[in-house]
file work.csv (CSV, C-alpha atoms)
chain,number,residue,atom,x,y,z
A,121,MET,CA,0.0,0.0,0.0
A,122,PRO,CA,2.7,2.5,0.8
A,123,LYS,CA,4.4,1.5,-2.5
A,124,VAL,CA,1.3,2.4,-4.4
A,125,LYS,CA,1.2,5.8,-2.6
A,126,THR,CA,4.8,6.5,-3.5
A,127,LYS,CA,4.2,5.7,-7.2
A,128,ILE,CA,1.2,8.0,-7.3
A,129,LYS,CA,3.2,10.7,-5.7
A,130,LYS,CA,5.9,10.4,-8.3
A,131,ILE,CA,3.5,10.5,-11.2
A,132,TYR,CA,1.8,13.5,-9.7
A,133,ASN,CA,5.2,15.3,-9.3
A,134,LYS,CA,6.1,14.5,-13.0
A,135,ALA,CA,2.8,15.9,-14.1
A,136,ILE,CA,3.3,19.1,-12.1
A,137,ILE,CA,6.8,19.5,-13.7
A,138,LEU,CA,5.4,18.9,-17.2
A,139,LEU,CA,2.7,21.5,-16.7
A,140,ALA,CA,5.1,24.0,-15.4
A,141,THR,CA,7.5,23.5,-18.4
A,142,CYS,CA,4.6,24.0,-20.8
A,143,ALA,CA,3.5,27.1,-19.0
A,144,PHE,CA,7.0,28.6,-19.2
A,145,VAL,CA,7.3,27.9,-23.0
A,146,VAL,CA,4.0,29.5,-23.6
A,147,SER,CA,4.8,32.5,-21.5
A,148,THR,CA,8.2,33.1,-23.2
A,149,ASN,CA,6.8,32.7,-26.8
A,150,PRO,CA,3.7,34.7,-26.9
A,151,ILE,CA,3.7,34.7,-30.8
A,152,ALA,CA,5.0,31.5,-31.5
A,153,ASN,CA,4.9,31.8,-35.3
A,154,ALA,CA,6.0,35.5,-35.8
A,155,ALA,CA,9.7,36.5,-36.6
A,156,SER,CA,11.3,39.9,-36.1
A,157,SER,CA,14.7,41.4,-36.5
A,158,PHE,CA,16.1,44.8,-35.6
A,159,ASP,CA,19.0,46.8,-37.0
A,160,THR,CA,20.1,50.4,-37.0
A,161,HIS,CA,22.3,52.6,-39.0
A,162,THR,CA,23.5,56.2,-38.8
A,163,ILE,CA,23.3,59.0,-41.4
A,164,THR,CA,26.3,61.3,-41.5
A,165,PHE,CA,27.3,64.2,-43.6
A,166,ASP,CA,29.7,67.2,-43.5
A,167,LEU,CA,27.9,70.5,-44.2
A,168,LYS,CA,30.3,72.7,-46.1
A,169,GLY,CA,30.3,76.5,-46.3
A,170,GLY,CA,28.6,77.6,-49.5
A,171,ILE,CA,27.9,80.9,-51.2
A,172,GLU,CA,25.8,82.1,-54.0
A,173,ILE,CA,25.9,85.6,-55.5
A,174,ASP,CA,23.2,87.3,-57.6
A,175,VAL,CA,23.5,90.8,-59.1
A,176,VAL,CA,19.9,91.8,-59.4
A,177,GLN,CA,20.5,94.3,-62.2
A,178,PRO,CA,22.2,92.6,-65.2
A,179,THR,CA,23.1,96.1,-66.6
A,180,TYR,CA,23.4,99.5,-65.2
A,181,GLY,CA,23.3,102.3,-67.8
A,182,PHE,CA,24.4,106.0,-67.2
A,183,GLY,CA,22.8,106.9,-70.6
A,184,SER,CA,24.2,109.9,-72.5
A,185,VAL,CA,27.0,111.7,-70.6
A,186,ASP,CA,29.5,114.4,-71.4
A,187,PRO,CA,32.4,116.0,-69.5
A,188,TRP,CA,30.5,119.2,-68.8
A,189,GLY,CA,27.9,117.4,-66.7
A,190,SER,CA,30.5,115.1,-65.0
A,191,PRO,CA,30.5,113.5,-62.5
A,192,TYR,CA,27.4,111.3,-62.9
A,193,TYR,CA,25.8,109.5,-59.9
A,194,SER,CA,23.6,106.4,-59.9
A,195,ALA,CA,20.6,106.4,-57.6
A,196,GLU,CA,21.2,105.2,-54.0
A,197,ASN,CA,21.3,101.4,-53.9
A,198,ALA,CA,20.9,101.3,-57.7
A,199,ILE,CA,22.9,98.1,-57.7
A,200,THR,CA,21.8,95.2,-55.4
A,201,VAL,CA,24.0,92.2,-54.8
A,202,ASN,CA,22.2,89.4,-53.1
A,203,VAL,CA,24.5,87.1,-51.1
A,204,LYS,CA,23.4,83.7,-49.8
A,205,SER,CA,25.7,81.9,-47.5
A,206,ASN,CA,25.6,79.5,-44.6
A,207,THR,CA,28.9,80.7,-43.2
A,208,ASN,CA,31.0,83.8,-43.0
A,209,TRP,CA,31.7,85.5,-46.3
A,210,THR,CA,33.5,88.3,-48.0
A,211,LEU,CA,32.2,90.1,-51.1
A,212,TYR,CA,34.7,91.5,-53.6
A,213,VAL,CA,34.3,93.7,-56.8
A,214,LYS,CA,36.4,94.3,-59.8
A,215,GLY,CA,36.0,95.5,-63.3
A,216,ASP,CA,37.4,95.2,-66.8
A,217,GLN,CA,40.5,97.4,-67.3
A,218,TYR,CA,38.6,99.7,-69.7
A,219,PHE,CA,35.2,100.8,-70.8
A,220,THR,CA,35.3,100.1,-74.5
A,221,SER,CA,33.4,101.2,-77.5
A,222,GLY,CA,35.0,99.8,-80.6
A,223,THR,CA,38.6,100.8,-80.4
A,224,ASN,CA,37.8,103.7,-78.0
A,225,GLN,CA,38.8,103.1,-74.4
A,226,ILE,CA,38.2,104.9,-71.1
A,227,PRO,CA,40.0,103.6,-67.9
A,228,ILE,CA,37.8,101.7,-65.5
A,229,SER,CA,39.2,104.0,-62.8
A,230,ARG,CA,36.7,106.7,-63.9
A,231,LEU,CA,34.1,104.5,-62.2
A,232,SER,CA,33.8,104.5,-58.4
A,233,TRP,CA,31.6,102.5,-56.1
A,234,SER,CA,30.2,103.3,-52.7
A,235,GLN,CA,27.9,101.7,-50.2
A,236,ASP,CA,26.8,105.0,-48.5
A,237,ASN,CA,26.9,107.5,-51.4
A,238,THR,CA,29.6,109.3,-49.5
A,239,ASN,CA,32.8,107.3,-49.3
A,240,TRP,CA,33.9,106.5,-52.8
A,241,ASN,CA,36.3,103.7,-53.9
A,242,THR,CA,38.0,103.7,-57.3
A,243,MET,CA,37.0,100.7,-59.4
A,244,SER,CA,40.0,98.5,-60.2
A,245,SER,CA,40.6,95.5,-62.4
A,246,ILE,CA,41.8,93.8,-59.2
A,247,ASP,CA,39.4,92.5,-56.6
A,248,SER,CA,38.6,95.1,-53.9
A,249,GLN,CA,36.8,94.0,-50.7
A,250,VAL,CA,33.3,95.5,-50.5
A,251,THR,CA,32.0,94.0,-47.3
A,252,ILE,CA,31.9,91.0,-45.0
A,253,GLY,CA,29.0,89.1,-43.5
A,254,GLY,CA,27.8,86.0,-41.6
A,255,PRO,CA,25.3,83.3,-42.4
A,256,THR,CA,22.4,84.9,-44.3
A,257,GLY,CA,19.5,82.6,-44.1
A,258,SER,CA,17.6,81.4,-47.1
A,259,SER,CA,16.6,84.8,-48.5
A,260,GLY,CA,20.2,86.1,-48.4
A,261,THR,CA,21.6,89.5,-47.6
A,262,ASN,CA,21.2,92.4,-50.0
A,263,VAL,CA,24.3,94.6,-50.4
A,264,GLY,CA,23.3,98.0,-51.9
A,265,MET,CA,25.8,99.8,-54.1
A,266,GLU,CA,26.1,103.1,-55.9
A,267,TYR,CA,28.3,104.0,-58.9
A,268,ARG,CA,29.9,107.4,-59.8
A,269,LEU,CA,31.2,108.1,-63.3
A,270,VAL,CA,33.7,110.8,-64.1
A,271,ILE,CA,34.2,111.9,-67.7
A,272,GLN,CA,37.1,114.0,-68.9
A,273,TYR,CA,37.6,116.1,-72.0
A,274,ASP,CA,40.2,113.8,-73.3
A,275,ASP,CA,37.8,110.8,-73.3
A,276,PRO,CA,36.9,109.9,-76.9
A,277,VAL,CA,33.3,110.6,-77.9
A,278,ALA,CA,31.5,107.4,-78.8
A,279,ASP,CA,28.2,105.6,-78.2
A,280,GLY,CA,27.8,102.3,-76.4
A,281,TYR,CA,30.7,102.3,-73.9
A,282,GLN,CA,30.6,99.1,-71.9
A,283,ALA,CA,32.6,97.4,-69.1
A,284,THR,CA,31.9,94.3,-67.1
A,285,ILE,CA,31.8,94.5,-63.4
A,286,THR,CA,32.4,91.2,-61.5
A,287,TYR,CA,31.2,90.6,-57.9
A,288,THR,CA,32.7,87.6,-56.2
A,289,GLY,CA,31.7,86.1,-52.9
A,290,VAL,CA,34.2,83.9,-50.9
A,291,THR,CA,33.8,81.8,-47.8
A,292,PRO,CA,36.8,80.9,-45.7
B,299,MET,CA,54.1,30.9,-32.6
B,300,LYS,CA,54.8,32.5,-36.0
B,301,ILE,CA,51.1,32.5,-36.8
B,302,LYS,CA,50.3,34.3,-33.5
B,303,ASN,CA,52.8,37.1,-34.4
B,304,LYS,CA,51.3,37.5,-37.9
B,305,LYS,CA,47.9,37.9,-36.4
B,306,LYS,CA,49.2,40.6,-34.0
B,307,ILE,CA,50.8,42.6,-36.9
B,308,TYR,CA,47.6,42.2,-39.0
B,309,LYS,CA,45.5,43.5,-36.1
B,310,LYS,CA,47.8,46.5,-35.7
B,311,ILE,CA,47.5,47.4,-39.4
B,312,ILE,CA,43.7,47.2,-39.2
B,313,SER,CA,43.8,49.4,-36.1
B,314,LEU,CA,46.0,52.0,-37.9
B,315,VAL,CA,43.8,52.1,-41.0
B,316,LEU,CA,40.7,52.5,-38.8
B,317,ALA,CA,42.3,55.3,-36.8
B,318,LEU,CA,43.4,57.1,-40.0
B,319,SER,CA,39.9,56.8,-41.6
B,320,VAL,CA,38.4,58.3,-38.4
B,321,PHE,CA,40.9,61.2,-38.5
B,322,ILE,CA,40.1,61.9,-42.1
B,323,SER,CA,36.4,61.8,-41.7
B,324,PHE,CA,36.4,64.2,-38.8
B,325,SER,CA,39.2,66.5,-39.8
B,326,PRO,CA,37.8,70.1,-40.2
B,327,VAL,CA,40.7,71.1,-42.5
B,328,THR,CA,39.3,69.2,-45.4
B,329,GLN,CA,36.7,72.0,-45.9
B,330,ALA,CA,37.6,73.9,-49.0
B,331,ALA,CA,36.8,77.6,-49.6
B,332,THR,CA,33.9,78.2,-51.9
B,333,THR,CA,33.4,81.1,-54.3
B,334,ASP,CA,30.7,82.4,-56.6
B,335,SER,CA,30.9,85.2,-59.1
B,336,LYS,CA,28.4,87.1,-61.1
B,337,ASN,CA,28.9,89.8,-63.7
B,338,HIS,CA,26.9,92.8,-64.8
B,339,ASN,CA,27.6,95.5,-67.3
B,340,VAL,CA,27.9,99.2,-66.9
B,341,THR,CA,27.2,101.2,-70.0
B,342,PHE,CA,27.0,104.8,-71.3
B,343,SER,CA,27.3,106.9,-74.4
B,344,LEU,CA,29.7,109.8,-74.4
B,345,GLN,CA,28.5,112.9,-76.2
B,346,SER,CA,30.6,115.8,-77.5
B,347,ALA,CA,30.8,118.7,-75.2
B,348,VAL,CA,32.7,122.0,-74.9
B,349,GLN,CA,33.3,124.4,-72.1
B,350,LEU,CA,34.3,128.1,-72.5
B,351,ASN,CA,35.8,130.5,-70.0
B,352,THR,CA,37.1,134.0,-70.4
B,353,ILE,CA,37.7,137.1,-68.2
B,354,PRO,CA,34.6,139.1,-67.3
B,355,ALA,CA,35.9,142.5,-68.6
B,356,VAL,CA,38.6,144.2,-70.6
B,357,SER,CA,39.1,147.8,-69.8
B,358,PHE,CA,41.1,150.4,-71.8
B,359,GLY,CA,40.8,153.0,-69.1
B,360,ASN,CA,40.9,156.6,-70.2
B,361,VAL,CA,41.5,157.0,-73.9
B,362,ASP,CA,41.6,160.0,-76.3
B,363,PRO,CA,42.1,160.4,-80.1
B,364,SER,CA,45.6,161.6,-79.8
B,365,GLY,CA,46.8,158.4,-78.2
B,366,SER,CA,44.9,156.1,-80.6
B,367,PRO,CA,45.1,153.3,-81.3
B,368,TYR,CA,45.2,151.5,-77.9
B,369,THR,CA,46.1,147.9,-77.5
B,370,SER,CA,44.7,146.0,-74.5
B,371,ALA,CA,46.6,143.7,-72.2
B,372,GLU,CA,46.8,140.1,-73.4
B,373,PHE,CA,43.9,138.0,-72.0
B,374,VAL,CA,43.0,134.4,-72.2
B,375,VAL,CA,40.0,132.6,-73.7
B,376,GLN,CA,40.0,129.1,-72.2
B,377,LEU,CA,38.2,126.1,-73.6
B,378,LYS,CA,37.8,122.4,-73.1
B,379,SER,CA,36.4,120.1,-75.8
B,380,ASN,CA,36.2,116.4,-76.4
B,381,ALA,CA,35.9,117.0,-80.2
B,382,ASN,CA,37.5,119.2,-82.7
B,383,TRP,CA,36.3,122.8,-82.3
B,384,THR,CA,35.9,126.3,-83.7
B,385,LEU,CA,36.2,129.4,-81.7
B,386,LYS,CA,34.3,132.5,-82.9
B,387,VAL,CA,33.7,136.0,-81.8
B,388,LYS,CA,31.2,138.8,-82.4
B,389,SER,CA,29.8,142.0,-80.9
B,390,ILE,CA,26.3,141.8,-79.3
B,391,GLY,CA,25.9,145.3,-78.0
B,392,PRO,CA,25.6,146.7,-74.4
B,393,ASP,CA,22.4,144.9,-73.6
B,394,GLY,CA,24.2,141.6,-74.0
B,395,ILE,CA,21.6,140.2,-76.3
B,396,ALA,CA,22.6,139.2,-79.8
B,397,GLY,CA,20.4,140.2,-82.7
B,398,ASN,CA,19.3,143.6,-81.4
B,399,ALA,CA,19.8,147.1,-83.0
B,400,ASP,CA,22.6,147.9,-80.5
B,401,ASP,CA,24.8,145.0,-81.4
B,402,ASN,CA,27.3,147.2,-83.3
B,403,TYR,CA,27.6,149.9,-80.6
B,404,PHE,CA,29.5,151.0,-77.5
B,405,LYS,CA,27.2,153.1,-75.3
B,406,ASP,CA,28.4,155.6,-72.6
B,407,ASN,CA,27.2,155.5,-69.0
B,408,ASN,CA,27.9,151.8,-68.8
B,409,GLY,CA,25.7,151.0,-71.8
B,410,SER,CA,22.7,153.1,-70.8
B,411,GLY,CA,23.7,156.5,-72.2
B,412,SER,CA,22.8,158.2,-75.4
B,413,ASN,CA,26.3,158.5,-76.9
B,414,THR,CA,27.3,155.7,-79.1
B,415,ILE,CA,30.5,154.6,-80.9
B,416,THR,CA,30.3,151.9,-83.6
B,417,VAL,CA,32.2,148.7,-82.9
B,418,ASN,CA,33.0,147.5,-86.4
B,419,ASP,CA,35.3,150.3,-87.2
B,420,HIS,CA,36.7,151.0,-83.7
B,421,LEU,CA,37.5,147.6,-82.2
B,422,GLU,CA,39.9,145.0,-83.7
B,423,TRP,CA,40.8,141.6,-82.3
B,424,SER,CA,43.9,139.5,-82.8
B,425,THR,CA,45.2,136.2,-81.5
B,426,SER,CA,48.7,135.3,-80.6
B,427,PRO,CA,51.2,135.9,-82.2
B,428,TYR,CA,49.2,139.0,-83.2
B,429,SER,CA,50.4,139.1,-86.8
B,430,ALA,CA,46.9,140.1,-88.1
B,431,TRP,CA,44.2,142.3,-86.8
B,432,ASN,CA,40.5,141.8,-87.6
B,433,TRP,CA,37.6,144.3,-87.2
B,434,MET,CA,35.0,143.1,-84.8
B,435,THR,CA,31.7,142.4,-86.5
B,436,THR,CA,28.2,141.6,-85.4
B,437,THR,CA,28.3,138.2,-87.1
B,438,ASP,CA,30.5,135.3,-85.9
B,439,ALA,CA,34.1,135.5,-87.1
B,440,THR,CA,36.4,132.5,-86.7
B,441,ILE,CA,39.3,133.1,-84.4
B,442,LYS,CA,40.8,129.6,-84.4
B,443,THR,CA,40.0,126.0,-85.0
B,444,GLY,CA,41.5,123.2,-82.8
B,445,THR,CA,41.6,119.6,-81.9
B,446,LYS,CA,40.0,117.7,-79.0
B,447,ASN,CA,41.7,117.9,-75.6
B,448,SER,CA,44.5,115.5,-75.0
B,449,ASP,CA,44.0,115.9,-71.2
B,450,ASN,CA,41.5,117.4,-68.9
B,451,ASN,CA,43.2,120.8,-68.7
B,452,TRP,CA,42.0,124.1,-70.3
B,453,GLN,CA,43.3,125.0,-73.8
B,454,ASP,CA,44.4,128.6,-73.8
B,455,ILE,CA,43.8,131.0,-76.7
B,456,LEU,CA,45.7,134.3,-76.2
B,457,MET,CA,43.9,137.4,-77.4
B,458,LYS,CA,44.3,141.2,-77.6
B,459,TYR,CA,42.0,144.0,-78.6
B,460,ARG,CA,43.0,147.2,-80.3
B,461,LEU,CA,40.7,150.3,-80.0
B,462,THR,CA,40.9,153.2,-82.4
B,463,ILE,CA,39.4,156.5,-81.3
B,464,ASN,CA,38.6,159.2,-83.8
B,465,TRP,CA,38.2,162.9,-83.3
B,466,SER,CA,34.5,162.5,-84.3
B,467,ASP,CA,33.8,160.2,-81.4
B,468,GLN,CA,31.8,162.0,-78.6
B,469,ALA,CA,33.7,162.3,-75.3
B,470,ALA,CA,31.8,160.6,-72.5
B,471,ASN,CA,32.5,158.2,-69.6
B,472,ASN,CA,32.2,154.5,-69.3
B,473,TYR,CA,31.5,153.4,-72.9
B,474,LEU,CA,30.5,149.8,-72.8
B,475,GLY,CA,30.1,147.1,-75.3
B,476,VAL,CA,29.7,143.3,-75.0
B,477,ILE,CA,31.7,140.7,-77.0
B,478,GLN,CA,30.5,137.2,-77.3
B,479,TYR,CA,32.8,134.1,-77.8
B,480,THR,CA,31.3,130.9,-79.0
B,481,VAL,CA,33.0,127.5,-79.3
B,482,THR,CA,31.4,124.8,-81.3
B,483,THR,CA,32.4,121.2,-82.0
B,484,LEU,CA,32.9,120.3,-85.7
call {"tool": "encode", "arguments": {"input": "work.csv", "output": "structure tokens"}}
result
Amino acid sequence: MPKVKTKIKKIYNKAIILLATCAFVVSTNPIANAASSFDTHTITFDLKGGIEIDVVQPTYGFGSVDPWGSPYYSAENAITVNVKSNTNWTLYVKGDQYFTSGTNQIPISRLSWSQDNTNWNTMSSIDSQVTIGGPTGSSGTNVGMEYRLVIQYDDPVADGYQATITYTGVTP
Amino acid sequence: MKIKNKKKIYKKIISLVLALSVFISFSPVTQAATTDSKNHNVTFSLQSAVQLNTIPAVSFGNVDPSGSPYTSAEFVVQLKSNANWTLKVKSIGPDGIAGNADDNYFKDNNGSGSNTITVNDHLEWSTSPYSAWNWMTTTDATIKTGTKNSDNNWQDILMKYRLTINWSDQAANNYLGVIQYTVTTL
């Protein structure tokens, strides 16, 4: 009789262990048939300093001039240079060596530029610093400029004098 | 043993390459300067122009027929021109307006008197070197032609007047006439 009791006890214990194991498997595999995998990666880049220059007026014309009426002044802020940059920048200006009309020439130094209509800088064929600035935002910074033209009596009479003025923006 | 050493060397090379690649990817010196340039044109048309300047008055002072003729001091007519030019002269009378009846007269009392002396047979002009004298007229007479300025300075034309006084001319004070100089581009 005690032997029978012992056997029953053993069977009972085994049943308990089996049930416990099943419960554990169920609890640790809630979605037994789903698979998932995780991975990550990083995105990197280097943001360089950039600059974009736009001269709003493609041409500035003084019209008909003569030495008697010289000097001639553009309107205030007649020339607008828009600078877009995401870093510090420097704006330079230079011109051709001469105004030309056919074979006629007038030195570019007869043209001066100013930012305040008061302090005038002689235009040169070598870059001159106009101004400096910092990051501009997406709409950019407008740099207003004025021109002054001096005509002398030894300048040859001709129509259609032209010189190209170049604005250059540089980031460090 | 040899294989172990090779492994160590291989690991060191890998580490060095990794270290270099990290250095390069984070080095701020690799950022290059950027530039952008835009052009625009400045234009104009240069017209011919002249500018004339002379002394406001020439005075002979006190004159009389016995001392006639009287030659003035030399004076300068200055001009600037960016084209070839012609300088002309004429008498326009005491009122200073060309085309009036008084163009050919000096008038006493600084131009407002009643005594008159004709210009065209009393006043002559000459230009350096004063080899020829020309009676002043009421129509433009050419003094000189010239070429455009070679610099921005005045071009000087040296002049003199010669006044002849006759015994028939009425004595009076402050006879006055007006002479007009005109420069035109050719």
call {"tool": "atom_distance", "arguments": {"input": "work.csv", "atom1": "CA of Asn380 (chain B)", "atom2": "CA of Thr436 (chain B)"}}
result
27.9 Å
call {"tool": "interface_residues", "arguments": {"input": "work.csv", "of": "chain B", "to": "chain A", "cutoff": "8 Å", "atoms": "all atoms listed in the file", "output": "short mmCIF file (atom, residue, chain, number, x, y, z; two decimals) with C-alpha atoms, keeping the file's coordinate frame"}}
result
data_model
loop_
_atom_site.label_atom_id
_atom_site.label_comp_id
_atom_site.auth_asym_id
_atom_site.auth_seq_id
_atom_site.Cartn_x
_atom_site.Cartn_y
_atom_site.Cartn_z
CA GLN B 329 36.70 72.00 -45.90
CA ALA B 330 37.60 73.90 -49.00
CA ALA B 331 36.80 77.60 -49.60
CA THR B 332 33.90 78.20 -51.90
CA THR B 333 33.40 81.10 -54.30
CA ASP B 334 30.70 82.40 -56.60
CA SER B 335 30.90 85.20 -59.10
CA LYS B 336 28.40 87.10 -61.10
CA ASN B 337 28.90 89.80 -63.70
CA HIS B 338 26.90 92.80 -64.80
CA ASN B 339 27.60 95.50 -67.30
CA VAL B 340 27.90 99.20 -66.90
CA THR B 341 27.20 101.20 -70.00
CA PHE B 342 27.00 104.80 -71.30
CA SER B 343 27.30 106.90 -74.40
CA LEU B 344 29.70 109.80 -74.40
CA GLN B 345 28.50 112.90 -76.20
CA SER B 346 30.60 115.80 -77.50
CA ALA B 347 30.80 118.70 -75.20
CA VAL B 348 32.70 122.00 -74.90
CA GLN B 349 33.30 124.40 -72.10
CA LYS B 378 37.80 122.40 -73.10
CA SER B 379 36.40 120.10 -75.80
CA ASN B 380 36.20 116.40 -76.40
CA ALA B 381 35.90 117.00 -80.20
CA LYS B 446 40.00 117.70 -79.00
CA ASN B 447 41.70 117.90 -75.60
CA SER B 448 44.50 115.50 -75.00
CA ASP B 449 44.00 115.90 -71.20
CA ASN B 450 41.50 117.40 -68.90
#
call {"tool": "residues_around", "arguments": {"input": "work.csv", "residues": "region 459-476 of chain B", "least_positions_apart": "6", "cutoff": "6 Å", "atoms": "only C-alpha atoms", "output": "list in words"}}
result
Pro363, Ser366, Pro367, Tyr368, Thr369, Ser370, Ile390, Gly391, Pro392, Gly394, Phe404, Lys405, Asp406, Asn407, Asn408, Gly409, His420, Leu421, Glu422 and Trp423 of chain B
call {"tool": "atom_distance", "arguments": {"input": "work.csv", "atom1": "CA of Tyr218 (chain A)", "atom2": "CA of Ser244 (chain A)"}}
result
9.7 Å
call {"tool": "residues_around", "arguments": {"input": "work.csv", "residues": "Asn237 (chain A)", "least_positions_apart": "5", "cutoff": "9 Å", "atoms": "all atoms listed in the file", "output": "JSON, numbers by chain"}}
result
{"A": [193, 195, 196, 197, 265, 266, 267, 268]}
call {"tool": "atom_distance", "arguments": {"input": "work.csv", "atom1": "CA of Gln376 (chain B)", "atom2": "CA of Asp419 (chain B)"}}
result
26.4 Å
call {"tool": "residues_around", "arguments": {"input": "work.csv", "residues": "Thr440 (chain B)", "least_positions_apart": "3", "cutoff": "10 Å", "atoms": "only C-alpha atoms", "output": "list of chain:residue names"}}
result
B:Thr384, B:Leu385, B:Lys386, B:Val387, B:Lys388, B:Thr437, B:Thr443, B:Tyr479, B:Thr480, B:Val481
call {"tool": "residues_near_point", "arguments": {"input": "work.csv", "point": "(43.6, 148.9, -71.0)", "cutoff": "9 Å", "atoms": "only C-alpha atoms", "output": "list in words"}}
result
Val356, Ser357, Phe358, Gly359, Asn360, Val361, Tyr368, Thr369, Ser370 and Ala371 of chain B
